[in-house]
Structures are given as structure tokens and as C-alpha cells.
file query07.cif (mmCIF, C-alpha atoms)
data_input
#
loop_
_atom_site.group_PDB
_atom_site.id
_atom_site.type_symbol
_atom_site.label_atom_id
_atom_site.label_comp_id
_atom_site.auth_asym_id
_atom_site.auth_seq_id
_atom_site.Cartn_x
_atom_site.Cartn_y
_atom_site.Cartn_z
ATOM 1 C CA MET A 1 7.366 13.960 -4.630
ATOM 2 C CA LYS A 2 10.415 15.268 -6.449
ATOM 3 C CA THR A 3 12.724 12.628 -5.062
ATOM 4 C CA ALA A 4 10.461 9.819 -6.254
ATOM 5 C CA ASP A 5 10.817 11.138 -9.793
ATOM 6 C CA ARG A 6 14.396 9.963 -9.723
ATOM 7 C CA LEU A 7 13.193 6.385 -9.754
ATOM 8 C CA ASP A 8 13.085 4.717 -13.145
ATOM 9 C CA LEU A 9 10.704 1.901 -13.981
ATOM 10 C CA THR A 10 13.194 -0.822 -13.042
ATOM 11 C CA ASP A 11 13.869 0.849 -9.679
ATOM 12 C CA ARG A 12 10.151 0.886 -8.968
ATOM 13 C CA ARG A 13 9.620 -2.739 -9.950
ATOM 14 C CA LEU A 14 12.653 -3.746 -7.910
ATOM 15 C CA LEU A 15 11.495 -1.914 -4.777
ATOM 16 C CA GLU A 16 7.995 -3.342 -5.120
ATOM 17 C CA LYS A 17 9.194 -6.884 -5.685
ATOM 18 C CA ALA A 18 11.541 -6.790 -2.682
ATOM 19 C CA GLN A 19 8.824 -5.135 -0.595
ATOM 20 C CA ASN A 20 5.889 -7.371 -1.503
ATOM 21 C CA SER A 21 7.392 -10.813 -2.106
ATOM 22 C CA PHE A 22 10.987 -11.123 -0.993
ATOM 23 C CA PRO A 23 12.443 -14.516 -1.936
ATOM 24 C CA LEU A 24 13.991 -16.113 1.138
ATOM 25 C CA THR A 25 16.661 -18.092 -0.692
ATOM 26 C CA VAL A 26 20.429 -18.455 -0.492
ATOM 27 C CA HIS A 27 20.744 -16.071 -3.464
ATOM 28 C CA PRO A 28 17.850 -13.625 -3.053
ATOM 29 C CA TRP A 29 19.223 -10.933 -5.396
ATOM 30 C CA ARG A 30 19.666 -13.523 -8.134
ATOM 31 C CA SER A 31 16.046 -14.697 -7.712
ATOM 32 C CA ILE A 32 14.751 -11.125 -7.835
ATOM 33 C CA GLY A 33 16.876 -10.404 -10.897
ATOM 34 C CA LYS A 34 15.525 -13.455 -12.680
ATOM 35 C CA GLU A 35 11.972 -12.276 -12.132
ATOM 36 C CA LEU A 36 12.682 -8.772 -13.334
ATOM 37 C CA GLY A 37 14.891 -9.861 -16.229
ATOM 38 C CA ILE A 38 18.052 -8.201 -14.932
ATOM 39 C CA SER A 39 21.316 -9.614 -13.618
ATOM 40 C CA GLU A 40 22.133 -10.283 -9.985
ATOM 41 C CA ARG A 41 24.862 -7.654 -10.258
ATOM 42 C CA GLU A 42 22.398 -5.050 -11.467
ATOM 43 C CA VAL A 43 20.005 -5.817 -8.602
ATOM 44 C CA ILE A 44 22.827 -5.308 -6.090
ATOM 45 C CA THR A 45 24.071 -2.138 -7.793
ATOM 46 C CA ARG A 46 20.597 -0.618 -7.934
ATOM 47 C CA LEU A 47 19.731 -1.525 -4.327
ATOM 48 C CA ASN A 48 23.042 -0.046 -3.178
ATOM 49 C CA ARG A 49 22.259 3.211 -4.950
ATOM 50 C CA LEU A 50 18.632 3.298 -3.722
ATOM 51 C CA SER A 51 19.877 2.677 -0.224
ATOM 52 C CA LYS A 52 22.421 5.516 -0.467
ATOM 53 C CA GLN A 53 19.721 7.813 -1.843
ATOM 54 C CA GLY A 54 17.610 7.039 1.216
ATOM 55 C CA PHE A 55 14.758 5.150 -0.427
ATOM 56 C CA ILE A 56 15.351 2.019 1.641
ATOM 57 C CA ARG A 57 14.933 1.883 5.397
ATOM 58 C CA LYS A 58 15.950 -1.744 5.728
ATOM 59 C CA ILE A 59 16.027 -5.084 3.967
ATOM 60 C CA GLY A 60 15.381 -7.673 6.641
ATOM 61 C CA PRO A 61 12.760 -8.907 9.062
ATOM 62 C CA ALA A 62 9.991 -7.077 10.902
ATOM 63 C CA LEU A 63 9.650 -8.945 14.165
ATOM 64 C CA GLU A 64 6.325 -9.525 15.855
ATOM 65 C CA ALA A 65 6.628 -7.378 18.977
ATOM 66 C CA GLY A 66 4.945 -9.858 21.320
ATOM 67 C CA GLN A 67 7.460 -12.536 20.314
ATOM 68 C CA THR A 68 10.545 -10.595 21.386
ATOM 69 C CA ASP A 69 11.937 -9.986 24.872
ATOM 70 C CA PHE A 70 9.846 -6.808 25.004
ATOM 71 C CA ARG A 71 6.469 -8.330 25.727
ATOM 72 C CA ALA A 72 4.707 -5.357 27.244
ATOM 73 C CA SER A 73 3.965 -2.452 24.933
ATOM 74 C CA THR A 74 1.699 0.511 24.562
ATOM 75 C CA LEU A 75 0.893 3.719 22.691
ATOM 76 C CA VAL A 76 1.291 6.928 24.661
ATOM 77 C CA ALA A 77 0.022 10.448 23.965
ATOM 78 C CA MET A 78 1.183 13.582 25.745
ATOM 79 C CA LYS A 79 0.376 17.279 25.767
ATOM 80 C CA VAL A 80 3.733 18.992 25.477
ATOM 81 C CA HIS A 81 4.404 22.702 25.257
ATOM 82 C CA GLU A 82 5.228 23.488 21.621
ATOM 83 C CA GLY A 83 8.593 25.014 22.471
ATOM 84 C CA ARG A 84 9.737 21.957 24.398
ATOM 85 C CA ILE A 85 8.559 19.289 22.013
ATOM 86 C CA GLN A 86 11.904 18.707 20.329
ATOM 87 C CA ASN A 87 13.771 18.222 23.602
ATOM 88 C CA VAL A 88 11.075 15.982 25.003
ATOM 89 C CA ALA A 89 11.058 13.875 21.814
ATOM 90 C CA LYS A 90 14.834 13.526 22.012
ATOM 91 C CA MET A 91 14.606 12.349 25.609
ATOM 92 C CA ILE A 92 11.907 9.832 24.661
ATOM 93 C CA GLY A 93 14.001 8.531 21.756
ATOM 94 C CA GLU A 94 16.833 7.746 24.147
ATOM 95 C CA HIS A 95 14.749 4.960 25.665
ATOM 96 C CA ARG A 96 15.597 1.735 23.836
ATOM 97 C CA GLY A 97 12.074 0.381 23.812
ATOM 98 C CA VAL A 98 10.680 3.322 21.863
ATOM 99 C CA THR A 99 9.998 2.404 18.225
ATOM 100 C CA HIS A 100 7.916 5.360 16.996
ATOM 101 C CA CYS A 101 7.654 8.953 18.121
ATOM 102 C CA TYR A 102 5.632 11.497 16.165
ATOM 103 C CA GLN A 103 4.405 15.020 16.588
ATOM 104 C CA ARG A 104 0.740 15.155 15.560
ATOM 105 C CA GLU A 105 -1.795 17.915 14.928
ATOM 106 C CA HIS A 106 -3.806 17.637 18.097
ATOM 107 C CA GLU A 107 -4.077 18.898 21.639
ATOM 108 C CA TYR A 108 -2.233 15.676 22.500
ATOM 109 C CA ASN A 109 0.658 16.567 20.232
ATOM 110 C CA LEU A 110 3.349 13.994 20.974
ATOM 111 C CA TRP A 111 2.707 10.296 20.381
ATOM 112 C CA PHE A 112 5.044 7.358 20.887
ATOM 113 C CA THR A 113 5.016 3.577 21.047
ATOM 114 C CA ILE A 114 7.129 1.876 23.654
ATOM 115 C CA ALA A 115 7.882 -1.704 24.658
ATOM 116 C CA ALA A 116 9.454 -3.156 27.782
ATOM 117 C CA ARG A 117 10.221 -6.575 29.232
ATOM 118 C CA ASN A 118 7.120 -6.655 31.400
ATOM 119 C CA GLN A 119 4.272 -4.485 32.665
ATOM 120 C CA ALA A 120 6.177 -3.376 35.770
ATOM 121 C CA ALA A 121 9.154 -2.190 33.715
ATOM 122 C CA LEU A 122 6.835 -0.466 31.258
ATOM 123 C CA LYS A 123 5.067 1.377 34.071
ATOM 124 C CA ARG A 124 8.372 2.508 35.578
ATOM 125 C CA THR A 125 9.652 3.761 32.230
ATOM 126 C CA LEU A 126 6.445 5.673 31.530
ATOM 127 C CA GLU A 127 6.633 7.382 34.909
ATOM 128 C CA ALA A 128 10.267 8.308 34.274
ATOM 129 C CA ILE A 129 9.343 9.742 30.878
ATOM 130 C CA ARG A 130 6.388 11.647 32.303
ATOM 131 C CA HIS A 131 8.559 13.248 34.976
ATOM 132 C CA ALA A 132 11.364 14.107 32.569
ATOM 133 C CA ALA A 133 8.835 15.611 30.155
ATOM 134 C CA GLY A 134 7.257 17.645 32.937
ATOM 135 C CA VAL A 135 3.690 16.644 32.138
ATOM 136 C CA THR A 136 0.947 15.865 34.622
ATOM 137 C CA LYS A 137 -0.958 12.568 34.770
ATOM 138 C CA ASP A 138 -3.844 14.386 33.132
ATOM 139 C CA GLU A 139 -1.664 15.352 30.184
ATOM 140 C CA MET A 140 -0.695 11.769 29.373
ATOM 141 C CA LEU A 141 -2.732 8.945 27.868
ATOM 142 C CA ASN A 142 -1.699 5.307 28.078
ATOM 143 C CA LEU A 143 -3.449 3.376 25.293
ATOM 144 C CA PRO A 144 -2.357 -0.266 25.095
ATOM 145 C CA SER A 145 -3.708 -2.316 22.228
ATOM 146 C CA ILE A 146 -6.344 -4.945 22.840
ATOM 147 C CA ARG A 147 -6.578 -6.491 19.389
ATOM 148 C CA THR A 148 -4.570 -6.139 16.183
ATOM 149 C CA PHE A 149 -6.719 -6.350 13.085
ATOM 150 C CA LYS A 150 -4.133 -5.371 10.508
ATOM 151 C CA ILE A 151 -0.460 -4.538 10.048
ATOM 152 C CA ASP A 152 0.560 -4.445 6.411
ATOM 153 C CA VAL A 153 2.841 -1.611 5.503
ATOM 154 C CA ARG A 154 3.566 -1.466 1.822
ATOM 155 C CA PHE A 155 3.386 1.227 -0.731
ATOM 156 C CA ARG A 156 2.540 1.211 -4.406
ATOM 157 C CA LEU A 157 5.473 2.468 -6.420
ATOM 158 C CA SER A 158 4.654 1.841 -10.035
ATOM 159 C CA MET B 1 12.458 -20.385 18.822
ATOM 160 C CA ASP B 2 15.772 -21.964 19.868
ATOM 161 C CA ASP B 3 19.201 -20.405 20.482
ATOM 162 C CA LEU B 4 20.242 -20.746 16.841
ATOM 163 C CA ASP B 5 17.063 -18.989 15.717
ATOM 164 C CA ARG B 6 17.815 -16.154 18.109
ATOM 165 C CA GLU B 7 21.413 -15.858 16.865
ATOM 166 C CA ILE B 8 20.151 -15.693 13.300
ATOM 167 C CA LEU B 9 17.569 -13.036 14.138
ATOM 168 C CA TYR B 10 20.206 -10.991 15.975
ATOM 169 C CA ALA B 11 22.403 -11.123 12.919
ATOM 170 C CA VAL B 12 19.740 -10.073 10.416
ATOM 171 C CA GLN B 13 17.426 -7.801 12.443
ATOM 172 C CA ASP B 14 19.070 -4.580 11.275
ATOM 173 C CA GLY B 15 19.231 -5.722 7.665
ATOM 174 C CA ILE B 16 21.074 -8.150 5.431
ATOM 175 C CA PRO B 17 24.104 -7.133 3.327
ATOM 176 C CA LEU B 18 23.904 -6.488 -0.413
ATOM 177 C CA ILE B 19 26.263 -9.292 -1.386
ATOM 178 C CA THR B 20 25.689 -12.413 -3.488
ATOM 179 C CA GLU B 21 25.139 -14.696 -0.493
ATOM 180 C CA PRO B 22 23.858 -12.476 2.323
ATOM 181 C CA PHE B 23 23.314 -15.391 4.729
ATOM 182 C CA SER B 24 26.728 -17.029 4.353
ATOM 183 C CA ALA B 25 28.611 -15.137 7.039
ATOM 184 C CA ILE B 26 26.073 -15.859 9.769
ATOM 185 C CA ALA B 27 25.818 -19.484 8.563
ATOM 186 C CA THR B 28 29.564 -19.977 8.875
ATOM 187 C CA HIS B 29 29.576 -18.281 12.259
ATOM 188 C CA LEU B 30 26.929 -20.704 13.555
ATOM 189 C CA GLY B 31 28.276 -23.818 11.828
ATOM 190 C CA LEU B 32 25.259 -24.065 9.527
ATOM 191 C CA THR B 33 24.879 -23.975 5.760
ATOM 192 C CA PRO B 34 23.311 -20.868 4.196
ATOM 193 C CA HIS B 35 20.425 -23.117 3.146
ATOM 194 C CA GLU B 36 19.781 -24.070 6.778
ATOM 195 C CA VAL B 37 19.756 -20.399 7.780
ATOM 196 C CA VAL B 38 17.214 -19.632 5.059
ATOM 197 C CA GLU B 39 15.030 -22.577 6.094
ATOM 198 C CA ARG B 40 15.033 -21.367 9.686
ATOM 199 C CA LEU B 41 14.082 -17.840 8.612
ATOM 200 C CA LYS B 42 11.226 -19.274 6.572
ATOM 201 C CA ARG B 43 10.014 -21.260 9.546
ATOM 202 C CA LEU B 44 10.205 -18.164 11.779
ATOM 203 C CA ARG B 45 8.109 -16.372 9.202
ATOM 204 C CA GLU B 46 5.563 -19.204 9.153
ATOM 205 C CA GLU B 47 5.457 -19.168 12.947
ATOM 206 C CA LYS B 48 4.778 -15.412 12.766
ATOM 207 C CA ILE B 49 7.810 -14.553 14.860
ATOM 208 C CA ILE B 50 8.893 -12.704 11.736
ATOM 209 C CA ARG B 51 5.880 -10.673 10.635
ATOM 210 C CA LYS B 52 7.430 -9.848 7.284
ATOM 211 C CA PHE B 53 10.806 -10.354 5.664
ATOM 212 C CA GLY B 54 11.693 -7.974 2.890
ATOM 213 C CA LEU B 55 12.407 -4.434 1.871
ATOM 214 C CA PHE B 56 11.005 -1.501 3.805
ATOM 215 C CA VAL B 57 10.844 1.748 1.858
ATOM 216 C CA ARG B 58 11.239 5.145 3.445
ATOM 217 C CA LYS B 59 7.732 6.357 2.654
ATOM 218 C CA SER B 60 8.489 10.075 2.695
ATOM 219 C CA LYS B 61 11.011 9.490 -0.119
ATOM 220 C CA VAL B 62 8.494 7.825 -2.398
ATOM 221 C CA GLY B 63 5.939 10.615 -2.107
ATOM 222 C CA VAL B 64 3.837 9.224 0.725
ATOM 223 C CA VAL B 65 3.916 12.382 2.803
ATOM 224 C CA ALA B 66 0.372 12.642 4.166
ATOM 225 C CA ASN B 67 0.209 10.313 7.138
ATOM 226 C CA ALA B 68 -2.608 10.257 9.598
ATOM 227 C CA MET B 69 -3.638 8.330 12.626
ATOM 228 C CA VAL B 70 -7.415 8.215 12.711
ATOM 229 C CA VAL B 71 -9.064 7.473 16.022
ATOM 230 C CA TRP B 72 -12.640 6.242 16.038
ATOM 231 C CA SER B 73 -15.268 5.759 18.667
ATOM 232 C CA VAL B 74 -17.125 2.640 17.607
ATOM 233 C CA PRO B 75 -20.001 1.006 19.493
ATOM 234 C CA ARG B 76 -18.699 -2.199 21.080
ATOM 235 C CA GLU B 77 -21.028 -4.499 19.199
ATOM 236 C CA ARG B 78 -19.914 -3.075 15.835
ATOM 237 C CA LEU B 79 -16.182 -2.907 16.519
ATOM 238 C CA ARG B 80 -15.158 -6.153 14.891
ATOM 239 C CA ASP B 81 -17.159 -5.606 11.701
ATOM 240 C CA VAL B 82 -15.958 -2.035 11.316
ATOM 241 C CA ALA B 83 -12.315 -3.007 11.935
ATOM 242 C CA GLU B 84 -12.521 -5.767 9.347
ATOM 243 C CA PHE B 85 -14.103 -3.392 6.857
ATOM 244 C CA PHE B 86 -11.369 -0.752 7.375
ATOM 245 C CA SER B 87 -8.645 -3.396 7.124
ATOM 246 C CA GLU B 88 -9.650 -4.272 3.574
ATOM 247 C CA PHE B 89 -8.308 -0.961 2.242
ATOM 248 C CA GLU B 90 -4.695 -0.766 1.138
ATOM 249 C CA GLU B 91 -4.533 2.870 2.315
ATOM 250 C CA VAL B 92 -5.059 1.514 5.834
ATOM 251 C CA THR B 93 -1.756 -0.022 6.926
ATOM 252 C CA HIS B 94 -2.591 -0.577 10.586
ATOM 253 C CA CYS B 95 -5.835 -1.211 12.406
ATOM 254 C CA TYR B 96 -5.962 -1.748 16.174
ATOM 255 C CA GLU B 97 -8.449 -1.839 18.976
ATOM 256 C CA ARG B 98 -7.077 0.041 21.985
ATOM 257 C CA ARG B 99 -8.109 0.624 25.560
ATOM 258 C CA THR B 100 -10.195 3.705 26.287
ATOM 259 C CA THR B 101 -9.868 5.990 29.303
ATOM 260 C CA PRO B 102 -12.323 8.423 30.908
ATOM 261 C CA LYS B 103 -10.495 11.205 29.050
ATOM 262 C CA TRP B 104 -10.246 9.348 25.733
ATOM 263 C CA ARG B 105 -13.231 7.541 24.293
ATOM 264 C CA TYR B 106 -11.716 6.329 21.011
ATOM 265 C CA ASN B 107 -11.384 2.550 20.781
ATOM 266 C CA LEU B 108 -10.363 1.911 17.159
ATOM 267 C CA TYR B 109 -7.208 3.209 15.479
ATOM 268 C CA THR B 110 -6.235 3.227 11.812
ATOM 269 C CA MET B 111 -3.085 4.517 10.145
ATOM 270 C CA VAL B 112 -3.858 5.997 6.749
ATOM 271 C CA HIS B 113 -1.244 7.055 4.228
ATOM 272 C CA GLY B 114 -1.378 9.000 1.018
ATOM 273 C CA ARG B 115 0.370 11.465 -1.249
ATOM 274 C CA LYS B 116 -1.835 14.442 -0.452
ATOM 275 C CA ARG B 117 -3.450 15.633 2.717
ATOM 276 C CA LYS B 118 -6.711 16.282 0.925
ATOM 277 C CA THR B 119 -6.807 12.764 -0.515
ATOM 278 C CA VAL B 120 -6.279 11.251 2.921
ATOM 279 C CA GLN B 121 -8.948 13.491 4.401
ATOM 280 C CA GLU B 122 -11.472 12.568 1.706
ATOM 281 C CA PHE B 123 -10.617 8.895 2.022
ATOM 282 C CA VAL B 124 -11.274 9.001 5.760
ATOM 283 C CA GLU B 125 -14.528 10.893 5.270
ATOM 284 C CA GLY B 126 -15.559 8.173 2.829
ATOM 285 C CA LEU B 127 -14.754 5.466 5.356
ATOM 286 C CA ALA B 128 -16.748 7.277 8.025
ATOM 287 C CA LYS B 129 -19.735 7.608 5.763
ATOM 288 C CA ARG B 130 -19.723 4.000 4.659
ATOM 289 C CA ALA B 131 -19.272 2.754 8.214
ATOM 290 C CA GLU B 132 -21.869 5.239 9.459
ATOM 291 C CA LEU B 133 -19.548 6.653 12.104
ATOM 292 C CA GLU B 134 -19.463 10.293 13.109
ATOM 293 C CA ASP B 135 -17.270 10.306 16.169
ATOM 294 C CA TYR B 136 -13.689 10.297 14.963
ATOM 295 C CA GLU B 137 -10.598 12.507 14.679
ATOM 296 C CA ILE B 138 -7.837 12.684 12.090
ATOM 297 C CA LEU B 139 -4.383 13.302 13.578
ATOM 298 C CA PHE B 140 -1.948 14.138 10.795
ATOM 299 C CA SER B 141 1.694 13.640 11.620
ATOM 300 C CA VAL B 142 3.757 16.808 11.631
ATOM 301 C CA ARG B 143 7.169 15.408 12.356
ATOM 302 C CA GLU B 144 8.792 12.028 12.720
ATOM 303 C CA PHE B 145 11.217 11.971 15.646
ATOM 304 C CA VAL B 146 11.807 8.239 16.067
ATOM 305 C CA ARG B 147 11.138 5.393 13.665
ATOM 306 C CA ARG B 148 13.024 2.183 14.356
ATOM 307 C CA SER B 149 12.423 -1.542 14.113
ATOM 308 C CA THR B 150 11.271 -3.740 16.932
ATOM 309 C CA ARG B 151 14.392 -5.484 18.233
ATOM 310 C CA LEU B 152 14.761 -8.962 19.615
ATOM 311 C CA SER B 153 16.109 -7.836 22.986
#
call {"tool": "encode", "arguments": {"input": "query07.cif", "output": "C-alpha cells"}}
result
Amino acid sequence: MKTADRLDLTDRRLLEKAQNSFPLTVHPWRSIGKELGISEREVITRLNRLSKQGFIRKIGPALEAGQTDFRASTLVAMKVHEGRIQNVAKMIGEHRGVTHCYQREHEYNLWFTIAARNQAALKRTLEAIRHAAGVTKDEMLNLPSIRTFKIDVRFRLS
Amino acid sequence: MDDLDREILYAVQDGIPLITEPFSAIATHLGLTPHEVVERLKRLREEKIIRKFGLFVRKSKVGVVANAMVVWSVPRERLRDVAEFFSEFEEVTHCYERRTTPKWRYNLYTMVHGRKRKTVQEFVEGLAKRAELEDYEILFSVREFVRRSTRLS
């Protein structure tokens, strides 16, 4: 909460504009500036600062997972002993296809999403992870998605 | 998607630089004009290879610190309607149907974000009531270990 207080109104409008309707043009910062009534230079300066302060994860594309070389993906849940969770999470993060890994408040306390080139590779990787984590088949859930109804990650800032 | 498209996506997938013409370097490298690069990116967005192009905020920094995955057990015949109803809310950023297992009966998943745990909890209770669902669990996230973008290869 405190960190967000450091954002002034222009910062908030800038983040929202670039989040919700980024202009794909040769001079995107100029276009954004025009809409907000500030100069291109100011847009760049502010975004640089916001980036340094950690408010920005990335300015670029989110790729549709099924369209990349990693066509097989799933969500996995595991029951990991509390004291080992950090090490297990670190091991999981070392796999390139892992995009999210969270500890959650549940009996299944470690959750991650993983993608691989094909189902066979995905299966092999999951087995390798399961062994390295020291969990039994019963302590692991493999929950591939069947249908996506919504992905729209944006946050209100102003 | 052709080879040039792939080269462009490689170049921009981790983010574009904060300079006046962020697409110029990759354009020069590929023998294209910056305008051609932009047109290709737009087409990739239309073709849904790019799901979104823009700025991604670090949610914890802007006060969104209560994040929950809610798992629901929804009767098959109601799944579509319920999922579409949940998807209308801006607090719900993701909504998926997932495979069940004998040990795990939940078939619908929503990610819900908010500034306070209590707000998220009440929001989810409201959803449950309106959708007339009783079999669900809220799994708040405790710690983020990995959060990275989907990469091209």
C-alpha cells in the first residue's frame, strides 16, 4: 500500500494507459504523451523511474501459450513439507517451462504452471520434478486446462 | 507466423526499450522499416499469437496484495454459464475449466485479486451466493516464487 502512495496522478494515468491501451506505433511514447498532455521525454523519464522503483514488470507482449513452441502445459499442485518448500520451489523454478510458482494456504501448498514442447516431454519433466521434490504420486495433482474463459490481467490505478 | 515474425517476437518478448523509437534496432537488424515491424506486431496481436501488448504492472507494488485462486465444483451442465458469469467481473482476471481427478473434484478455477484479504473473501462469497454454489475453496497465495512470461521457445 505504502509504495503505491508514491505514485502521483500522472504516474497512475500513464501506467493505466500503457496497461490498457498501448499504442503499437513507431513512436509509442510520443502517442501516449499526446493523450496524457505530456511530452515524449516526460513519458520516457517517468517510465524509467517507475521501472527502477519496481512498478513495472515488463512493457512488451504476452504471448498466447499454445502458439509458442511450448504447446503442452498444465497446472500442478503438490503437498510439500513446510520446511522444504523454499528448496523445492527453487528447484522447480530452474525448469525453463515454469512460468508461475506460488505457495498457497492449503494442504496442497505449492502450485506451479509448466509448459513443454509436447505431452511426452511434459510428463517426463513432471516425473523429474516429483522425484526431486520427494513427493508421492498421491501428493501431486496434474490439472491441465480444458477451456479458457478469461485471461485479462489489469489493475485499476487511479 | 513466419521467420521474420519469430525474430521480432524474440527481440521484444522480454520488453521493449524506453527510447524514442523502440522498434528501430530490430527493424534495422531484419532489414525492415520500424513501420513494418509495428504492422507485423499488430497482425500478431490480431491473430491472437500476442494475447496483449502493453505494460504489465507488478501488482504487489500497486497495493494488490490479496491474491487468491478459487476452485469451484460446478455441475457440468452449468459450467459454461457460471464461467461466463464469473468472467464478467474485473476482480476475476483468469477463469479456466480444468480436468478433475478422483482426489480433486474442482473443475472451475478463478484468480481473484484485491487490496484486502477480507474484500477478496467477501467478493468470492458474493459470487458463490449469486451462482448458487457451495462447493468451493479459496486458496490465498502466501509467497510468489516464480513469475515469468511465456517465452517463444
call {"tool": "closest_atom_pairs", "arguments": {"input": "query07.cif", "of": "chain B", "to": "chain A", "cutoff": "7 Å", "atoms": "all atoms listed in the file", "output": "CSV"}}
result
residue,atom,partner,partner_atom,distance
B:Val12,CA,A:Gly60,CA,6.2
B:Gln13,CA,A:Pro61,CA,5.9
B:Asp14,CA,A:Gly60,CA,6.7
B:Gly15,CA,A:Gly60,CA,4.4
B:Ile16,CA,A:Gly60,CA,5.8
B:Leu18,CA,A:Ile44,CA,5.9
B:Thr20,CA,A:His27,CA,6.2
B:Glu21,CA,A:His27,CA,5.5
B:Phe23,CA,A:Val26,CA,6.7
B:Pro34,CA,A:Val26,CA,6.0
B:His35,CA,A:Val26,CA,5.9
B:Val38,CA,A:Thr25,CA,6.0
B:Lys42,CA,A:Leu24,CA,6.9
B:Lys48,CA,A:Glu64,CA,6.8
B:Ile49,CA,A:Glu64,CA,5.3
B:Ile50,CA,A:Leu63,CA,4.5
B:Arg51,CA,A:Glu64,CA,5.4
B:Lys52,CA,A:Ala62,CA,5.2
B:Phe53,CA,A:Pro61,CA,4.2
B:Gly54,CA,A:Phe22,CA,5.0
B:Leu55,CA,A:Ile59,CA,4.2
B:Phe56,CA,A:Lys58,CA,5.3
B:Val57,CA,A:Ile56,CA,4.5
B:Arg58,CA,A:Phe55,CA,5.2
B:Lys61,CA,A:Phe55,CA,5.7
B:Val62,CA,A:Ala4,CA,4.8
B:Gly63,CA,A:Met1,CA,4.4
B:Ala83,CA,A:Phe149,CA,6.6
B:Glu84,CA,A:Phe149,CA,6.9
B:Ser87,CA,A:Lys150,CA,6.0
B:Thr93,CA,A:Asp152,CA,5.0
B:His94,CA,A:Ile151,CA,4.5
B:Cys95,CA,A:Lys150,CA,4.9
B:Tyr96,CA,A:Thr148,CA,4.6
B:Glu97,CA,A:Arg147,CA,5.0
B:Arg98,CA,A:Ser145,CA,4.1
B:Arg99,CA,A:Leu143,CA,5.4
B:Thr100,CA,A:Leu143,CA,6.8
B:Leu139,CA,A:Glu105,CA,5.5
B:Phe140,CA,A:Arg104,CA,5.6
B:Ser141,CA,A:Arg104,CA,4.3
B:Val142,CA,A:Arg104,CA,5.2
B:Arg143,CA,A:Gln103,CA,5.1
B:Glu144,CA,A:Tyr102,CA,4.7
B:Phe145,CA,A:Cys101,CA,5.3
B:Val146,CA,A:Cys101,CA,4.7
B:Arg147,CA,A:His100,CA,4.6
B:Arg148,CA,A:Thr99,CA,4.9
B:Ser149,CA,A:Thr99,CA,6.2
B:Thr150,CA,A:Leu63,CA,6.1
B:Leu152,CA,A:Thr68,CA,4.9
B:Ser153,CA,A:Asp69,CA,5.1
call {"tool": "axis_aligned_box", "arguments": {"input": "query07.cif", "around": "segment 53-58 of chain A", "padding_each_side": "5 Å", "output": "JSON"}}
result
{"center_x": 17.2, "center_y": 3.0, "center_z": 1.9, "size_x": 15.0, "size_y": 19.6, "size_z": 17.6}
call {"tool": "residues_around", "arguments": {"input": "query07.cif", "residues": "segment 67-71 of chain B", "least_positions_apart": "4", "cutoff": "6 Å", "atoms": "only C-alpha atoms", "output": "list in words"}}
result
Tyr106, Leu108, Tyr109, Thr110, Met111, Val112, His113, Tyr136, Glu137, Ile138, Leu139, Phe140 and Ser141 of chain B
call {"tool": "write_last_selection", "arguments": {"input": "query07.cif", "atoms": "C-alpha atoms", "output": "compact mmCIF listing (two decimals), keeping the file's coordinate frame"}}
result
# COMPACT_ATOMS: atom_id res chain seq x y z
CA TYR B 106 -11.72 6.33 21.01
CA LEU B 108 -10.36 1.91 17.16
CA TYR B 109 -7.21 3.21 15.48
CA THR B 110 -6.24 3.23 11.81
CA MET B 111 -3.08 4.52 10.14
CA VAL B 112 -3.86 6.00 6.75
CA HIS B 113 -1.24 7.06 4.23
CA TYR B 136 -13.69 10.30 14.96
CA GLU B 137 -10.60 12.51 14.68
CA ILE B 138 -7.84 12.68 12.09
CA LEU B 139 -4.38 13.30 13.58
CA PHE B 140 -1.95 14.14 10.80
CA SER B 141 1.69 13.64 11.62
call {"tool": "closest_residue", "arguments": {"input": "query07.cif", "among": "A:Arg46, A:Arg13, A:Lys79, A:His95", "to": "Thr136 of chain A", "atoms": "all atoms listed in the file"}}
result
A:Lys79
call {"tool": "atom_distance", "arguments": {"input": "query07.cif", "atom1": "atom CA of Arg49 of chain A", "atom2": "atom CA of Thr10 of chain A"}}
result
12.8 Å
call {"tool": "atom_distance", "arguments": {"input": "query07.cif", "atom1": "atom CA of Glu90 of chain B", "atom2": "atom CA of Lys34 of chain A"}}
result
27.6 Å
call {"tool": "residues_near_point", "arguments": {"input": "query07.cif", "point": "(1.0, 14.1, -0.4)", "cutoff": "8 Å", "atoms": "only C-alpha atoms", "output": "PyMOL selection string"}}
result
(chain A and resi 1) or (chain B and resi 63-66+114-117+119)
call {"tool": "atom_distance", "arguments": {"input": "query07.cif", "atom1": "atom CA of Ile85 of chain A", "atom2": "atom CA of Arg124 of chain A"}}
result
21.6 Å
call {"tool": "closest_residue", "arguments": {"input": "query07.cif", "among": "B:Leu32, B:Lys103, B:Ser24, B:Asp135", "to": "Ala77 of chain A", "atoms": "all atoms listed in the file"}}
result
B:Lys103
call {"tool": "resolve_selection", "arguments": {"input": "query07.cif", "expression": "the PyMOL selection byres ((chain B and resi 1-4) around 9)", "output": "ChimeraX atom specification"}}
result
/B:5-9,30,40,44,49
call {"tool": "write_last_selection", "arguments": {"input": "query07.cif", "atoms": "C-alpha atoms", "output": "short mmCIF file (atom, residue, chain, number, x, y, z; two decimals), in the frame of the given file"}}
result
data_model
loop_
_atom_site.label_atom_id
_atom_site.label_comp_id
_atom_site.auth_asym_id
_atom_site.auth_seq_id
_atom_site.Cartn_x
_atom_site.Cartn_y
_atom_site.Cartn_z
CA ASP B 5 17.06 -18.99 15.72
CA ARG B 6 17.82 -16.15 18.11
CA GLU B 7 21.41 -15.86 16.86
CA ILE B 8 20.15 -15.69 13.30
CA LEU B 9 17.57 -13.04 14.14
CA LEU B 30 26.93 -20.70 13.56
CA ARG B 40 15.03 -21.37 9.69
CA LEU B 44 10.20 -18.16 11.78
CA ILE B 49 7.81 -14.55 14.86
#
call {"tool": "closest_residue", "arguments": {"input": "query07.cif", "among": "A:Lys52, A:Leu126, A:Ala132, A:Leu36", "to": "Val80 of chain A", "atoms": "only C-alpha atoms"}}
result
A:Ala132
call {"tool": "residues_around", "arguments": {"input": "query07.cif", "residues": "Ala27 of chain B", "least_positions_apart": "6", "cutoff": "8 Å", "atoms": "all atoms listed in the file", "output": "ChimeraX atom specification"}}
result
/B:33-34,36-37
call {"tool": "decode", "arguments": {"input": "query07.cif", "residues": "segment 11-22 of chain B", "atoms": "C-alpha atoms", "output": "tab-separated table (two decimals), in the first residue's frame"}}
result
chain	number	residue	atom	x	y	z
B	11	ALA	CA	13.54	-9.40	-29.86
B	12	VAL	CA	10.60	-7.91	-27.97
B	13	GLN	CA	9.41	-10.77	-25.73
B	14	ASP	CA	11.32	-9.57	-22.67
B	15	GLY	CA	10.30	-5.95	-23.19
B	16	ILE	CA	10.96	-3.01	-25.47
B	17	PRO	CA	13.49	-0.26	-24.63
B	18	LEU	CA	12.47	3.16	-23.33
B	19	ILE	CA	13.86	5.09	-26.27
B	20	THR	CA	12.13	7.29	-28.85
B	21	GLU	CA	11.91	4.56	-31.49
B	22	PRO	CA	11.89	1.25	-29.60
